[in-house]
4 protein chains.
Amino acid sequence: MKKVIKNGTIVTASDEYVADLLIEEGTIAAIGKNLPEDGAEVIDATGLYVFPGGIDPHTHLEMPFGGTVSKDDFATGTKAAAFGGTTTVIDFCLTNKGEPLQAAIDRWHAKSQDKAVIDYSFHLMIGEINDQVLEQLPSVIDDEGITSFKVFMAYKNVFQADDETLFRTLVAAKDLGSLVMVHAENGDVIEYLTKQALANGQTDPIYHAKTRPSEIEGEATGRAAQLTGLADSQLYVVHVSCAEAIEKITEARQKGIQVYGETCPQYLVLDETYLEKPDFEGAKYVWSPPLREKSHQEALWNALKAGHLQTLGSDQCSFDFVGQKDLGKGDFTKIPNGGPIIEDRVSILFSEGVKKGRISLQQFVDLTSTRAAKLFGLFPKKGTISVGADADLVLFDPTIERVISASTHHMAVDYNPFEGMNITGEPVSVLSRGEFVIREKAFVGTEGDGQYIKRQKFGTS
Amino acid sequence: MKKVIKNGTIVTASDEYVADLLIEEGTIAAIGKNLPEDGAEVIDATGLYVFPGGIDPHTHLEMPFGGTVSKDDFATGTKAAAFGGTTTVIDFCLTNKGEPLQAAIDRWHAKSQDKAVIDYSFHLMIGEINDQVLEQLPSVIDDEGITSFKVFMAYKNVFQADDETLFRTLVAAKDLGSLVMVHAENGDVIEYLTKQALANGQTDPIYHAKTRPSEIEGEATGRAAQLTGLADSQLYVVHVSCAEAIEKITEARQKGIQVYGETCPQYLVLDETYLEKPDFEGAKYVWSPPLREKSHQEALWNALKAGHLQTLGSDQCSFDFVGQKDLGKGDFTKIPNGGPIIEDRVSILFSEGVKKGRISLQQFVDLTSTRAAKLFGLFPKKGTISVGADADLVLFDPTIERVISASTHHMAVDYNPFEGMNITGEPVSVLSRGEFVIREKAFVGTEGDGQYIKRQKFGTS
Amino acid sequence: MKKVIKNGTIVTASDEYVADLLIEEGTIAAIGKNLPEDGAEVIDATGLYVFPGGIDPHTHLEMPFGGTVSKDDFATGTKAAAFGGTTTVIDFCLTNKGEPLQAAIDRWHAKSQDKAVIDYSFHLMIGEINDQVLEQLPSVIDDEGITSFKVFMAYKNVFQADDETLFRTLVAAKDLGSLVMVHAENGDVIEYLTKQALANGQTDPIYHAKTRPSEIEGEATGRAAQLTGLADSQLYVVHVSCAEAIEKITEARQKGIQVYGETCPQYLVLDETYLEKPDFEGAKYVWSPPLREKSHQEALWNALKAGHLQTLGSDQCSFDFVGQKDLGKGDFTKIPNGGPIIEDRVSILFSEGVKKGRISLQQFVDLTSTRAAKLFGLFPKKGTISVGADADLVLFDPTIERVISASTHHMAVDYNPFEGMNITGEPVSVLSRGEFVIREKAFVGTEGDGQYIKRQKFGTS
Amino acid sequence: MKKVIKNGTIVTASDEYVADLLIEEGTIAAIGKNLPEDGAEVIDATGLYVFPGGIDPHTHLEMPFGGTVSKDDFATGTKAAAFGGTTTVIDFCLTNKGEPLQAAIDRWHAKSQDKAVIDYSFHLMIGEINDQVLEQLPSVIDDEGITSFKVFMAYKNVFQADDETLFRTLVAAKDLGSLVMVHAENGDVIEYLTKQALANGQTDPIYHAKTRPSEIEGEATGRAAQLTGLADSQLYVVHVSCAEAIEKITEARQKGIQVYGETCPQYLVLDETYLEKPDFEGAKYVWSPPLREKSHQEALWNALKAGHLQTLGSDQCSFDFVGQKDLGKGDFTKIPNGGPIIEDRVSILFSEGVKKGRISLQQFVDLTSTRAAKLFGLFPKKGTISVGADADLVLFDPTIERVISASTHHMAVDYNPFEGMNITGEPVSVLSRGEFVIREKAFVGTEGDGQYIKRQKFGTS
Ligand SMILES: [Zn+2]
Ligand SMILES: [Zn+2]
Ligand SMILES: [Zn+2]
Ligand SMILES: [Zn+2]
Ligand SMILES: [Zn+2]
Ligand SMILES: [Zn+2]
Ligand SMILES: [Zn+2]
Ligand SMILES: [Zn+2]
């Protein structure tokens, strides 16, 4: 059935104007003043922003980590995402050394296909590169539409790849038309600092931060960028948290190196002092890279405004405080890394960024949706409001005031790292391919309705 | 009369899709698939790009300079602009010290109102700041809609302002909501080097370049950016030509300073060696800043791609080779500075940038149109294709191959600095507020139909 | 009469060893173990350091400033210098526009010749450059041995030169073999900020600092360095106070530009908060550039250690708190700039630098003496301990603990900015050309015994 | 027997003056004018420079490499060093994983003790760090006086250590008072590029350079410097060859990180084009890092002048062209890396640096001798001319003109990379601890007279 969304303020990465939207067969058929309503369901959006649905390029749903599994799966995770205005997620598919890549991908399909309430896709982790792995990549790209590969420069002896692997991945990616993603921290230094901290009895959550200083994120970021330049390839640095890394990315970009940077809401509004909360509460704030000294927040906001960073991911990887995070009592290295962010990612950037005058409304849309669609081969079906695009839409009331709380959020975990934070602006209704998933703040979607999306090669959209 | 542009590939600063455009009363009324054609004139745009009309933020039409006057006036200049896909120009209104600002503005209105074939607006030059000047600024902004002020850091004893004037202008601009523009070269050093060159008998055009080294553009750019940061104001650096200046702009932006940079086609594709052409032909290539060593071109392209520069202006200021440029025979300081660029600005960026894979189609639109509209208070009426926007449109055939030549261009001067350059892509038809100005490569507009536009304050669009 | 200094620990800019020194006819005749004492006066230096006498390259003795005159003249100033271990000062000779340079120099000779107790020389201020001034420079260099010229980038409408003057001075200096010195702050911005502060009723001493932010010192320093590079000349930046300026100097030096930087004790150990002292006491801490936020101190120490700054001057320019500094009550712009530092310059660097492990003993000697001698054409007669050098020597006890206080200092003013500071190490005896000026902490010299020194050209020593 | 060196121009890292030197018991007893000659052998040094003997901090004598052994051993190598004005070498002692460190050191003693004609010491290579290795380090320092450890960031699967090893070494070095040396190139990237080159049939010597681009030296240098900062330790970067590495070192030093950089004569005067010489002659110019594009030479000279690099090593590691270098015909990876430089190191810096006005005579002495003595715990016995220092002296005639040639050099190999280079200045006589090793250009020393030197801890001299 056709729908007409009336009188909303349509916002894209470049535009802002009041118009009606006509939706037919899940896509946008027309945009105009006073579009005819004949036979269409009419939704009044007067006073609301109409955004393209958010794209979260960085989630870890139902992911095994350190003997436990992240709590939000493709059901609860994508529901929470939808509540927050996100209509597509790209999740990281973990691989095991030696295992065929397809087996890992199949495992990820199995987790997701009957559960997702919004569309989704996968990135693929590269733990090692050898001739067998290289042979499998073309089918990963062509058959599965997975056109981005993740390499870890940290987590020594677990996920960490050496520089040769990173460099070969970059070279291969250039040839294959895919984008390399890195977790950029120097895992060797972390390994040493961590052992030392434990040996010194420094076991509290704050030592998670102290053993991962920002210098080594800057170092690894610069290294990855330089390797990208040498390989004439393309790089996406996930979860940039600090001034040092921004500097390296910006420098590389001015040299013509194709490097892109993502930050996350937690780095924009929280800081290292949260890890010192008493009663082990600091464990709620354990991410890698860790939260930084407050001064880095200004650098991150400046980078978003100047265009030196390009996207906002959630790095969603949620664990209960009781029963999961507390595995790390007495040993911070056993605290599962990550937190529940998927739901508030979009709202936090709107409230802290747009409302506080740090970025424009267009930049907000670009950062939360459009740019990720372009970098990851989803555009123009996803990531914008244009004729022919999927009707993945968010009706957003910029005036609602609310307080973030675990007692009201829709994620499956028992705390929220932004607990008590005042937010202005909230998604009221959310559509995925023209169908309501959230309607007037209530979930009206269906598990399994989310579709797996094969993505295009890098640079083609 | 209504118009429907059918099946064009609509491109904005963020989007690209095939759709129809409905134009009513000079504005875009609807965008959609298969829009009803009832009663409308139908224009087939199949296979063509539909771009928002170009905005040239930097022109000098009929401008007095060194005892002569730039050749293209608001008639020939705006016609040539239209041929090239530009539908709005912002011209620099020169002032004289002591004269009421309104008198200067009135002089500029007199030059333009019966001649322009496309819409236009003015920037205002600030030569000095004192209490009288400050008192006049609010009415310049409110009554005339002139919300950008230009300060020269070069042309000692002519246009050059001292740093105190620049700083006061920045402070005033912040309070008044306007954007300060600078010509950033160290005029004192140029003054000395120039005198020395002449004293040494170095009178050929190449010495124009030799006496204005890139270091002093970098120096002045950095100085202006730092003053902007101190004033917490906003700055637009015109005609950035070199790597040193880009570096300063990028650094400042990462510090959160609102600095924007414009480059021009000549700096992207020509270089210093052109000034050495025999038979005084080098004079055709005399701009300030001068053409640079070829290596700067890569820095400029990288900056456009990375977003470190934001706009493309023409710095149109045309003089005949015979009768004007040749005033400088035997003394390069007497060569009128500038050239005829207004017509080919858009095409060169398309051909050299998009076609050669250096920038995306969306960046091209942003650089030639959208960003200037936003920075200079024209958006969203100008600078984009959205419902409600002025129907300033360019139907562009990306496959046409042509050669730039003075024998075919529409500017009033006897040479073209890009003579012989192969260009791919050309505007076929151009509309201003829904009316054809260029139709199938023929001029169909009317002098005087162009309207003066009062612009909004900085930051409001 | 011959002297033998026995068993001292001789320290130079590169060495440290225990030996005897034989002094004949005012110069060092031999250095060795167990030198024969026949007929010589023997001075036991066991346990003492023997340093080359300090060279203070930056003093303003009896200098007119803002309607008053700096209190310490060549008598009290050089006595205090000697007490502090300094045996040569280079004072700034101020010129007036239009006046013959020789007249200014003669005025400075008149002030100094009968008063100085140690050797001295002059720098010459350049306020304007025109053909007449240029014609006088060779005789200034050849006849007066003044081989360094000072240009002010601040003090608008008083001392400030424009960039053309600075550039011409640099060009002339290259040709003439002299060193250009700059006071690097952007005087235009200061002018504006100062007027604004006064207009806003911000008249307390702290506004002296607030109206001269470090960014504009960095800006002016970078500008001067770039002009030096263009002129292929040589530059000495006086009183570097901030991280921004260091960065510019270091960058320029890596480009092969001959730039040298001087800092002063006050910037190393005091900070901006001193200007906020109650009861107008902040006025005691008014220097230009002003004291900075504490974080700049680390940058300065790092620069001394790394060799990114090369010398330590005092910028001695002393005024009584009562009767001089208090001219600025109610208007910070009327506070005479400067302070009494000539006496404690050497000791502070020893105590805070060497004793605290920030720099080596050799670096200390280089910074307080040797490098200034080399840069300013005094070497090897001054600035080191070598055979043939003037016996300008300091016998320094590194174990003495003392407290700086106006009640015990030898300068002619009523306060000391370092009042209460604990110092380790003190000169015990000081010789000028082999004669004691200070002996066992008592003054034993004679006014007028100090000789005026004609200096060599830049680069010849 | 006593010696008196008469009337030489004594030059140290800070001084230059004419005087006599008295030598007793192998050390300098006195320096002075007209020293008594009673009973002493008198050597006339009129018109000659007297330098402290050169210290070569970087040699590989009789070192196994890729199945062969470097040709010059401690006999021929130290003789050639002496001819060239070097009186101390510090050679790299290679270790094998698992083997006790003392076994490696004993092996190095066995090679050297009966052969060396000048004094020598060892650095120790660290290939891995574990508890056993850490336990052995104190005795290496205390018993053997080896206070510097070398870590390789390149030569994957051979010498290369991972970042954890580097970091632990830095931490250990801080605690133990030793200096960490790094070969800074990213070995992983080299590994990949090398495999690719060979796979592509790119086997000529030039591909040695092409597979080791300067970016990865810059990367590794920056990484090592940042790790040093985190460890609050001290670092010495061997054989710096490029602008990128200099930039990283300079930045780190300004942050207060104790990083020192060494370059080598080959990087100052040769460039990448030498590797393209026909008939496999390019193999003569295979060093790691490789020779660079010519533009890097200016950066290196600027860095020496500015003090951004501190020492000059030879990286002596000589192989015959016939029989050794030619092992790499058809496969550049089999070319033994290194060349014969030990003899001309000092002369090249004098001729190209001092004579061409790029550095001062004092900087020359500091770079070739004094600074290495200070950094590596040899000062003040070695590295300077001061009372009490070893009489390791070079009598140097600055006017001799000669041409470097394998036909006249004293190294044991069949070519010289500087063949045909014109050199001004040559050592005439060389003394080690007061005894002639070279006298009037003839070798007069004795194999085995060179002594092994236990060095002091870092920072104590
Ligand atoms: Zn990660
Ligand atoms: Zn993640
Ligand atoms: Zn201009
Ligand atoms: Zn212009
Ligand atoms: Zn000053
Ligand atoms: Zn001063
Ligand atoms: Zn090496
Ligand atoms: Zn080596």
# chains A, B, ... in the order shown; residues from 1 in each chain; ligands from 1

$ interface_residues --of "chain D" --to "chain C" --cutoff "6 Å" --atoms "only C-alpha atoms" --output "VMD selection string"
chain D and resid 13 to 14 29 to 33 253 to 254 256 302 to 303 306 387

$ residues_near_ligand --ligand "ligand 8" --cutoff "7 Å" --atoms "only C-alpha atoms and all ligand atoms" --output "PyMOL selection string"
chain D and resi 58-60+315

$ write_last_selection --atoms "N, CA, C and O atoms" --output "tab-separated table (two decimals), in the first residue's frame"
chain	number	residue	atom	x	y	z
D	58	HIS	N	79.26	2.59	15.16
D	58	HIS	CA	78.44	1.63	14.41
D	58	HIS	C	79.28	0.87	13.40
D	58	HIS	O	79.41	1.28	12.25
D	59	THR	N	79.85	-0.25	13.85
D	59	THR	CA	80.60	-1.09	12.91
D	59	THR	C	80.17	-2.55	13.03
D	59	THR	O	79.63	-2.98	14.06
D	60	HIS	N	80.39	-3.25	11.94
D	60	HIS	CA	80.13	-4.71	11.89
D	60	HIS	C	81.39	-5.36	11.31
D	60	HIS	O	81.49	-5.54	10.10
D	315	ASP	N	78.35	2.45	9.87
D	315	ASP	CA	77.67	1.19	9.55
D	315	ASP	C	78.58	0.32	8.68
D	315	ASP	O	78.13	-0.38	7.79

$ residues_around --residues "range 200-210 of chain B" --least-positions-apart "6" --cutoff "12 Å" --atoms "only C-alpha atoms" --output "VMD selection string"
(chain B and resid 189 to 191 193 to 194 216 to 217 241 271 to 293 325 to 337) or (chain C and resid 230)

$ select_by_dssp --residues "range 79-283 of chain B" --states "strand (DSSP E)" --output "number ranges by chain"
B: 86-93, 119-125, 148-152, 179-183, 234-237, 258-263

$ residues_around --residues "Gly222 in chain D" --least-positions-apart "2" --cutoff "8 Å" --atoms "only C-alpha atoms" --output "ChimeraX atom specification"
/A:219 /D:218-220,224-226,245,248-249

$ write_last_selection --atoms "C-alpha atoms" --output "compact mmCIF listing (two decimals), in the first residue's frame"
# COMPACT_ATOMS: atom_id res chain seq x y z
CA GLU A 219 50.92 5.21 16.53
CA GLY D 218 59.70 7.08 9.01
CA GLU D 219 56.96 4.85 10.33
CA ALA D 220 59.26 2.61 12.33
CA ALA D 224 60.14 3.47 18.30
CA ALA D 225 60.18 7.08 19.48
CA GLN D 226 56.64 6.87 20.79
CA ALA D 245 62.61 9.77 10.09
CA LYS D 248 59.70 11.95 13.82
CA ILE D 249 62.90 12.28 15.83

$ residues_around --residues "Glu343 in chain D" --least-positions-apart "3" --cutoff "12 Å" --atoms "only C-alpha atoms" --output "PyMOL selection string"
chain D and resi 54-56+59+72+76-87+89+265+313-318+339-340+346-349+404-406+408-413+416-418+426-427

$ residues_around --residues "Ile141 in chain B" --least-positions-apart "4" --cutoff "9 Å" --atoms "only C-alpha atoms" --output "JSON, numbers by chain"
{"B": [137, 145, 146, 147, 148, 176, 177, 178, 454, 455, 456, 457]}

$ write_last_selection --atoms "N, CA and C atoms" --output "PDB file, in the first residue's frame"
ATOM      1  N   LEU B 137      27.990  49.140   8.853  1.00  0.00           N
ATOM      2  CA  LEU B 137      27.892  47.720   8.518  1.00  0.00           C
ATOM      3  C   LEU B 137      26.512  47.113   8.753  1.00  0.00           C
ATOM      4  N   GLY B 145      21.657  43.054   2.276  1.00  0.00           N
ATOM      5  CA  GLY B 145      21.883  41.615   2.282  1.00  0.00           C
ATOM      6  C   GLY B 145      23.296  41.247   1.863  1.00  0.00           C
ATOM      7  N   ILE B 146      24.227  42.124   2.178  1.00  0.00           N
ATOM      8  CA  ILE B 146      25.639  41.818   1.906  1.00  0.00           C
ATOM      9  C   ILE B 146      26.246  41.318   3.207  1.00  0.00           C
ATOM     10  N   THR B 147      26.547  40.040   3.246  1.00  0.00           N
ATOM     11  CA  THR B 147      26.940  39.410   4.507  1.00  0.00           C
ATOM     12  C   THR B 147      28.342  38.810   4.440  1.00  0.00           C
ATOM     13  N   SER B 148      29.150  39.362   3.552  1.00  0.00           N
ATOM     14  CA  SER B 148      30.546  38.916   3.485  1.00  0.00           C
ATOM     15  C   SER B 148      31.425  40.096   3.135  1.00  0.00           C
ATOM     16  N   LEU B 176      28.207  40.473  13.855  1.00  0.00           N
ATOM     17  CA  LEU B 176      27.164  40.825  12.888  1.00  0.00           C
ATOM     18  C   LEU B 176      26.663  39.614  12.105  1.00  0.00           C
ATOM     19  N   GLY B 177      27.324  38.469  12.222  1.00  0.00           N
ATOM     20  CA  GLY B 177      26.898  37.302  11.463  1.00  0.00           C
ATOM     21  C   GLY B 177      27.304  37.379  10.009  1.00  0.00           C
ATOM     22  N   SER B 178      28.544  37.749   9.773  1.00  0.00           N
ATOM     23  CA  SER B 178      29.001  37.760   8.389  1.00  0.00           C
ATOM     24  C   SER B 178      30.323  37.007   8.267  1.00  0.00           C
ATOM     25  N   LYS B 454      19.582  39.534  -1.988  1.00  0.00           N
ATOM     26  CA  LYS B 454      20.022  39.842  -0.625  1.00  0.00           C
ATOM     27  C   LYS B 454      20.275  38.533   0.090  1.00  0.00           C
ATOM     28  N   ARG B 455      21.437  38.434   0.658  1.00  0.00           N
ATOM     29  CA  ARG B 455      21.813  37.168   1.264  1.00  0.00           C
ATOM     30  C   ARG B 455      21.558  37.142   2.772  1.00  0.00           C
ATOM     31  N   GLN B 456      21.440  35.936   3.288  1.00  0.00           N
ATOM     32  CA  GLN B 456      21.228  35.753   4.720  1.00  0.00           C
ATOM     33  C   GLN B 456      22.558  35.850   5.467  1.00  0.00           C
ATOM     34  N   LYS B 457      22.435  35.978   6.766  1.00  0.00           N
ATOM     35  CA  LYS B 457      23.642  36.055   7.582  1.00  0.00           C
ATOM     36  C   LYS B 457      24.388  34.723   7.596  1.00  0.00           C
TER      37      LYS B 457
END

$ residues_around --residues "Phe364 in chain D" --least-positions-apart "5" --cutoff "7 Å" --atoms "only C-alpha atoms" --output "PDB file with C-alpha atoms, in the first residue's frame"
ATOM      1  CA  LEU D 349      82.047  14.901   6.831  1.00  0.00           C
ATOM      2  CA  PHE D 350      84.953  17.309   6.956  1.00  0.00           C
ATOM      3  CA  VAL D 354      82.891  21.830   7.054  1.00  0.00           C
ATOM      4  CA  ILE D 359      78.308  22.662   9.513  1.00  0.00           C
TER       5      ILE D 359
END

$ atom_distance --atom1 "CA of Gly98 in chain C" --atom2 "CA of Asn157 in chain C"
15.2 Å

$ closest_residue --among "C:Gln196, C:Ser139, C:Gln102, C:Ser70" --to "ligand 6" --atoms "only C-alpha atoms and all ligand atoms"
C:Ser70

$ atom_distance --atom1 "CA of Ala442 in chain D" --atom2 "CA of Asp73 in chain D"
19.6 Å

$ atom_distance --atom1 "CA of Lys174 in chain A" --atom2 "CA of Asp188 in chain D"
18.6 Å

$ residues_near_ligand --ligand "ligand 5" --cutoff "7 Å" --atoms "only C-alpha atoms and all ligand atoms" --output "MDAnalysis selection string"
chainID C and resid 183 238:239 288

$ closest_residue --among "B:Asp162, B:Asp392, B:Glu185, B:Asp232" --to "ligand 3" --atoms "only C-alpha atoms and all ligand atoms"
B:Glu185

$ select_by_dssp --residues "range 85-293 of chain B" --states "helix (DSSP H, G or I)" --output "PyMOL selection string"
chain B and resi 101-112+131-144+163-176+187-199+206-210+214-231+243-254+265-269+272-276+281-285

$ closest_residue --among "A:His109, A:Lys195, A:His123, A:Thr228" --to "Leu166 in chain A" --atoms "only C-alpha atoms"
A:Thr228
